[in-house]
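**Q** Submitted below is the structure of interest, expressed as structure tokens.
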Amino acid sequence: MLPDPAYFDHHATTPCDPRVVEKMLPFFSEIFGNPASLTHAHGRKAASALEDARIAVARFFAVQPSEILFTAGATESNNIALNLVAPGQHLVTTSIEHRSILEPARRLERRGVALTILEPDREGFINPEHLRASIRPNTRLVSIEAANGEIGTLQAMAELSAICRERGVPFHSDVTQAVGKVPVDLSQLDLASWSAHKFYGPKGIGGLFARRGIRLEPVIIGGGQERNARSGTVNMPGTIGMAAALQLRFGEMEKEAERLTALRNELWERLVAEIPDVSVNGSRGLRLPGNLNVSIERIEADALIVAMRRFSLSSGSACSSGQRGPSPILTAIGVPEAAALGSIRIGLGKSNTAEEVAMFVDDAKRAVAKLRGISAG
Ligand code: PMP
């Protein structure tokens, strides 16, 4: 049997930390009560653990526990956030958002919402002046992601937020790719969405921050859980796991970011120096620590990914990887189609080492030479 490939796709998901799993385990069979069953001790025990988890999450983000809602993940949180916008109102977002923003935005547009989609520059930055110019008297929400999961660009959140504040428009951010990797300042935001599985927590659980005073319009209605914003019995092991994962990130994030930035820069420099006609997409300075996105001329990314079988790799967002055609994110920043089809997205994380990075460069050199030989011949 071949050894497991090295995991180089930490933007798609991360492994759940065993310390997190340990904290979750009692919440399957021992502390199994429904936190809404307040008539008995089983339910009350669960309710108390749920509120402790909410307090821990709120503490990580330096907000109030009442401003944190548990959801099934960033997709759901994004849908709830955008549901604030009613027909006749105006929504501003960007062309480099995750599909869980863009799809609900397009549906809102079909239902009579005016939609402005801001375009990024060549490195993936949204120009704050473009945001300022887009805001209208009926703008109900601005939604701009903090960090991009394909090209790693970190937006100028303070500047974008200041414009929204000045104009009195609620500002939502999909902070899914940023949480646990770089500091996220919720004091600049009115709403924010994330998923625990991106920061070494479990899948199927996430959060929505909604600043006090914002009246959410639920997407899923029923039993009225999560203060009516998200009905359905809450995923208890998930909430406990998310809180535990955030607590761990609090202590580990800074050092890890430094280590991953150094590993990523090493990979960047070696790939560009040792393989002809390689270029990097996105920004160097304002970028997620473990992220690299490279265009390799005269190869197809899909073929390279198959050839690089000692690595788990992707050419873009996992949610679009079944789709054919160039990445919409790369297209939005102006990467020509042929280059976009020859691009891979690398997401380094906790498990990756300098040895793996060296092995990656060796394998990439060999695979690219072979693929170019084939396509030239
Ligand atoms: N937003 C961003 C930026 C993401 O990267 C992802 C996951 N790929 C999501 C939202 C959706 O997260 P989930 O699938 O956990 O709902």
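Chain labels A, B, ... are given in the sequence in which chains occur in the structure tokens; within each chain residues are numbered consecutively from 1, and ligands are likewise numbered from 1 in the order shown.
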Distance table requested - range 116-147 of chain A against range 320-340 of chain A, cut-off 9 Å, only C-alpha atoms: one row per qualifying residue with the closest atom pair and its distance in Å to one decimal, ordered by chain and rising residue number, as a tab-separated table.
**A**
residue	atom	partner	partner_atom	distance
A:Glu119	CA	A:Ala332	CA	6.9
A:Pro120	CA	A:Ile333	CA	6.1
A:Asp121	CA	A:Ile333	CA	5.9
A:Arg122	CA	A:Ile333	CA	4.7
A:Glu123	CA	A:Ile333	CA	6.5
A:Gly124	CA	A:Ile333	CA	5.8
A:Phe125	CA	A:Ile333	CA	8.9
**Q** Selected residues, N, CA and C atoms, written as a tab-separated table (two decimals), in the first residue's frame, please.
**A**
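And here is the file that came out, selection29.tsv:
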chain	number	residue	atom	x	y	z
A	119	GLU	N	-16.04	44.34	-8.23
A	119	GLU	CA	-14.96	43.55	-8.82
A	119	GLU	C	-13.65	43.86	-8.11
A	120	PRO	N	-12.82	42.83	-7.90
A	120	PRO	CA	-11.53	43.05	-7.23
A	120	PRO	C	-10.48	43.55	-8.22
A	121	ASP	N	-9.33	43.98	-7.67
A	121	ASP	CA	-8.21	44.31	-8.55
A	121	ASP	C	-7.42	43.03	-8.85
A	122	ARG	N	-6.27	43.16	-9.45
A	122	ARG	CA	-5.48	42.02	-9.93
A	122	ARG	C	-5.03	41.09	-8.79
A	123	GLU	N	-4.92	41.66	-7.56
A	123	GLU	CA	-4.50	40.83	-6.43
A	123	GLU	C	-5.68	40.36	-5.58
A	124	GLY	N	-6.87	40.75	-5.97
A	124	GLY	CA	-8.04	40.29	-5.22
A	124	GLY	C	-8.57	41.28	-4.20
A	125	PHE	N	-8.05	42.51	-4.22
A	125	PHE	CA	-8.53	43.50	-3.25
A	125	PHE	C	-9.74	44.26	-3.78
**Q** Could I get the residues of range 196-262 of chain A with an atom no further than 12 Å from an atom of range 352-363 of chain A, each paired with its nearest atom pair and that distance in Å to one decimal, using only C-alpha atoms, sorted by chain and residue number, as a tab-separated table?
**A**
residue	atom	partner	partner_atom	distance
A:Glu256	CA	A:Asn352	CA	10.8
A:Arg259	CA	A:Thr353	CA	9.5
A:Leu260	CA	A:Asn352	CA	8.5
A:Thr261	CA	A:Ala354	CA	11.8
A:Ala262	CA	A:Ala354	CA	9.5
**Q** Using the selection just defined, write its residues with N, CA, C and O atoms as a tab-separated table (two decimals), in the first residue's frame.
**A**
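result-v9.tsv, written as the output of this step:
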chain	number	residue	atom	x	y	z
A	256	GLU	N	1.65	29.46	14.85
A	256	GLU	CA	1.34	28.64	13.68
A	256	GLU	C	1.35	29.52	12.41
A	256	GLU	O	1.86	29.09	11.36
A	259	ARG	N	4.91	30.14	11.39
A	259	ARG	CA	5.52	28.94	10.82
A	259	ARG	C	5.00	28.71	9.39
A	259	ARG	O	5.76	28.43	8.47
A	260	LEU	N	3.69	28.84	9.22
A	260	LEU	CA	3.09	28.57	7.91
A	260	LEU	C	3.49	29.63	6.88
A	260	LEU	O	3.67	29.32	5.70
A	261	THR	N	3.63	30.87	7.33
A	261	THR	CA	4.06	31.92	6.40
A	261	THR	C	5.45	31.59	5.88
A	261	THR	O	5.72	31.70	4.67
A	262	ALA	N	6.33	31.14	6.77
A	262	ALA	CA	7.71	30.81	6.35
A	262	ALA	C	7.69	29.61	5.39
A	262	ALA	O	8.36	29.64	4.35
**Q** At a cut-off of 9 Å, using only C-alpha atoms, what residues contact range 131-144 of chain A? Leave out same-chain residues fewer than 6 positions from it and give the result as number ranges by chain.
**A** A: 81-82, 84-86, 88-94, 96-97, 101, 114, 116, 118, 155, 157, 160, 163-164, 167, 169-175, 191
**Q** With N, CA, C and O atoms retained, could you export that selection as a tab-separated table (two decimals), in the first residue's frame?
**A**
chain	number	residue	atom	x	y	z
A	81	ALA	N	-27.75	35.59	6.94
A	81	ALA	CA	-27.32	37.00	6.89
A	81	ALA	C	-27.94	37.71	5.69
A	81	ALA	O	-28.50	38.81	5.81
A	82	LEU	N	-27.86	37.07	4.51
A	82	LEU	CA	-28.37	37.73	3.30
A	82	LEU	C	-29.88	37.85	3.30
A	82	LEU	O	-30.46	38.71	2.62
A	84	LEU	N	-31.62	39.09	5.32
A	84	LEU	CA	-32.02	40.40	5.87
A	84	LEU	C	-32.55	41.32	4.77
A	84	LEU	O	-33.29	42.27	5.05
A	85	VAL	N	-32.11	41.05	3.54
A	85	VAL	CA	-32.41	41.99	2.44
A	85	VAL	C	-33.75	41.63	1.81
A	85	VAL	O	-33.96	40.49	1.38
A	86	ALA	N	-34.64	42.58	1.74
A	86	ALA	CA	-35.99	42.35	1.21
A	86	ALA	C	-36.13	42.94	-0.19
A	86	ALA	O	-35.36	43.84	-0.56
A	88	GLY	N	-36.88	45.20	-3.19
A	88	GLY	CA	-36.94	46.66	-3.19
A	88	GLY	C	-35.72	47.28	-2.51
A	88	GLY	O	-35.46	48.46	-2.67
A	89	GLN	N	-34.98	46.45	-1.77
A	89	GLN	CA	-33.76	46.96	-1.13
A	89	GLN	C	-32.54	46.59	-1.97
A	89	GLN	O	-32.65	45.87	-2.96
A	90	HIS	N	-31.39	47.08	-1.52
A	90	HIS	CA	-30.15	46.93	-2.31
A	90	HIS	C	-29.10	46.17	-1.50
A	90	HIS	O	-28.94	46.41	-0.31
A	91	LEU	N	-28.42	45.25	-2.18
A	91	LEU	CA	-27.37	44.44	-1.56
A	91	LEU	C	-26.07	44.66	-2.32
A	91	LEU	O	-26.06	44.67	-3.55
A	92	VAL	N	-24.97	44.83	-1.57
A	92	VAL	CA	-23.66	44.98	-2.21
A	92	VAL	C	-22.79	43.80	-1.79
A	92	VAL	O	-22.67	43.51	-0.59
A	93	THR	N	-22.20	43.11	-2.76
A	93	THR	CA	-21.25	42.05	-2.44
A	93	THR	C	-20.15	42.06	-3.51
A	93	THR	O	-20.00	43.04	-4.23
A	94	THR	N	-19.36	40.99	-3.59
A	94	THR	CA	-18.24	41.00	-4.53
A	94	THR	C	-18.24	39.72	-5.37
A	94	THR	O	-18.87	38.72	-5.01
A	96	ILE	N	-15.85	37.74	-5.77
A	96	ILE	CA	-14.95	36.68	-5.29
A	96	ILE	C	-15.46	36.03	-4.01
A	96	ILE	O	-14.70	35.40	-3.28
A	97	GLU	N	-16.75	36.18	-3.75
A	97	GLU	CA	-17.33	35.51	-2.58
A	97	GLU	C	-17.49	34.02	-2.85
A	97	GLU	O	-17.55	33.57	-4.00
A	101	ILE	N	-22.61	32.78	-0.69
A	101	ILE	CA	-23.04	34.19	-0.74
A	101	ILE	C	-23.62	34.48	-2.12
A	101	ILE	O	-24.70	35.04	-2.26
A	114	ALA	N	-32.13	44.76	-5.60
A	114	ALA	CA	-31.12	45.35	-6.48
A	114	ALA	C	-29.75	44.86	-5.99
A	114	ALA	O	-29.47	44.92	-4.79
A	116	THR	N	-25.51	44.81	-6.37
A	116	THR	CA	-24.25	45.33	-6.94
A	116	THR	C	-23.16	44.33	-6.58
A	116	THR	O	-23.01	43.96	-5.42
A	118	LEU	N	-19.22	43.99	-6.63
A	118	LEU	CA	-17.96	44.73	-6.81
A	118	LEU	C	-16.89	43.79	-7.35
A	118	LEU	O	-16.82	42.62	-6.98
A	155	GLN	N	-8.74	41.19	2.96
A	155	GLN	CA	-9.29	42.51	2.62
A	155	GLN	C	-8.98	43.56	3.69
A	155	GLN	O	-8.77	43.21	4.86
A	157	MET	N	-10.37	45.26	5.98
A	157	MET	CA	-11.67	45.26	6.66
A	157	MET	C	-11.94	46.56	7.40
A	157	MET	O	-13.07	47.03	7.44
A	160	LEU	N	-13.13	49.17	4.87
A	160	LEU	CA	-14.44	48.83	4.31
A	160	LEU	C	-15.52	49.04	5.37
A	160	LEU	O	-16.60	49.58	5.10
A	163	ILE	N	-16.51	52.70	6.01
A	163	ILE	CA	-17.43	53.26	5.01
A	163	ILE	C	-18.87	52.85	5.32
A	163	ILE	O	-19.79	53.66	5.28
A	164	CYS	N	-19.05	51.57	5.69
A	164	CYS	CA	-20.40	51.10	6.03
A	164	CYS	C	-20.94	51.85	7.24
A	164	CYS	O	-22.11	52.25	7.27
A	167	ARG	N	-22.03	55.31	6.46
A	167	ARG	CA	-23.28	55.38	5.70
A	167	ARG	C	-24.43	54.69	6.42
A	167	ARG	O	-25.54	54.60	5.88
A	169	VAL	N	-24.87	51.47	7.05
A	169	VAL	CA	-25.30	50.21	6.41
A	169	VAL	C	-24.69	49.03	7.16
A	169	VAL	O	-23.47	49.00	7.36
A	170	PRO	N	-25.49	48.04	7.57
A	170	PRO	CA	-24.92	46.86	8.22
A	170	PRO	C	-23.87	46.17	7.33
A	170	PRO	O	-24.06	46.04	6.12
A	171	PHE	N	-22.78	45.74	7.97
A	171	PHE	CA	-21.66	45.14	7.24
A	171	PHE	C	-21.52	43.68	7.68
A	171	PHE	O	-21.28	43.41	8.85
A	172	HIS	N	-21.71	42.76	6.72
A	172	HIS	CA	-21.53	41.32	6.99
A	172	HIS	C	-20.25	40.85	6.35
A	172	HIS	O	-19.89	41.31	5.26
A	173	SER	N	-19.56	39.93	7.02
A	173	SER	CA	-18.39	39.33	6.39
A	173	SER	C	-18.41	37.82	6.59
A	173	SER	O	-18.67	37.33	7.69
A	174	ASP	N	-18.10	37.10	5.50
A	174	ASP	CA	-17.85	35.67	5.57
A	174	ASP	C	-16.39	35.54	6.03
A	174	ASP	O	-15.47	35.77	5.25
A	175	VAL	N	-16.22	35.21	7.32
A	175	VAL	CA	-14.86	35.16	7.88
A	175	VAL	C	-14.36	33.71	7.96
A	175	VAL	O	-13.40	33.42	8.67
A	191	LEU	N	-22.32	41.58	11.22
A	191	LEU	CA	-22.65	40.16	11.08
A	191	LEU	C	-21.42	39.43	10.56
A	191	LEU	O	-20.65	40.00	9.78
**Q** Ligand 1: which residues are within 6 Å, counting only C-alpha atoms and all ligand atoms, as a list in words?
**A**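 So the residues close to ligand 1 are Ala12, Gly73, Ala74, Thr75, His98, Ser100, Gly149, Asp174, Thr176, Gln177, Ser195 and Cys319 of chain A.
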**Q** Could you jot down the CA of Thr233 in chain A to CA of Asn34 in chain A separation for me, Å, one decimal place?
**A**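 Atom-to-atom, CA of Thr233 in chain A and CA of Asn34 in chain A are spaced 7.3 Å apart.
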**Q** Check range 44-160 of chain A with DSSP on the backbone and list each residue it calls helix (DSSP H, G or I), as an MDAnalysis selection string.
**A** chainID A and resid 44:61 65:67 74:82 99:110 128:134 157:160
**Q** I'd like the contact shell of Gly241 in chain A - 10 Å cut-off, only C-alpha atoms, skipping same-chain residues fewer than 2 positions apart - returned as a list in words.
**A** Cys16, Asp17, Arg19, Val20, Val21, Glu22, Lys23, Met24, Leu25, Phe27, Ala53, Ala196, His197, Tyr200, Gly201, Pro202, Lys203, Ile205, Asn235, Met236, Pro237, Gly238, Thr239, Ala243, Ala244, Ala245, Leu246 and Gln247 of chain A
**Q** Which value, in Å to one decimal, gives the distance between CA of Val278 in chain A and CA of Ile296 in chain A?
**A**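 Between these atoms lies a distance of 4.6 Å.
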**Q** Mind the document's chain letters and residue numbers, and return as a ChimeraX atom specification the residues of range 105-187 of chain A that DSSP labels strand (DSSP E).
**A** /A:114-118,139-143,171-174
**Q** Just the number, please: distance in Å from CA of Arg264 in chain A to CA of Ser193 in chain A, one decimal.
**A**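 Going from CA of Arg264 in chain A over to CA of Ser193 in chain A covers 26.2 Å.
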**Q** Go through A:Leu189, A:Ala229, A:Ile346, A:Leu313 and flag the residue nearest Trp268 in chain A, using only C-alpha atoms for the distances.
**A**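 Of all the options, A:Ile346 lies closest to Trp268 in chain A.
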**Q** Excluding same-chain residues fewer than 5 positions from Ile55 in chain A, what lies within 9 Å of it counting only C-alpha atoms, as a PyMOL selection string?
**A** chain A and resi 50+60+64-66+68+243
**Q** Go through A:Glu252, A:Gly207, A:Val280, A:Ala6 one by one, measure the shortest atom-to-atom distance of each to Asn265 in chain A using only C-alpha atoms, and give the residue with the smallest value.
**A**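 Checking each candidate against Asn265 in chain A, we get A:Val280 as the closest.
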**Q** Which is closest to Ser351 in chain A among A:Met242, A:Leu216, A:Ala36, A:Leu263, if we use only C-alpha atoms?
**A**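 Ranking A:Met242, A:Leu216, A:Ala36, A:Leu263 by distance to Ser351 in chain A, first place goes to A:Leu263.
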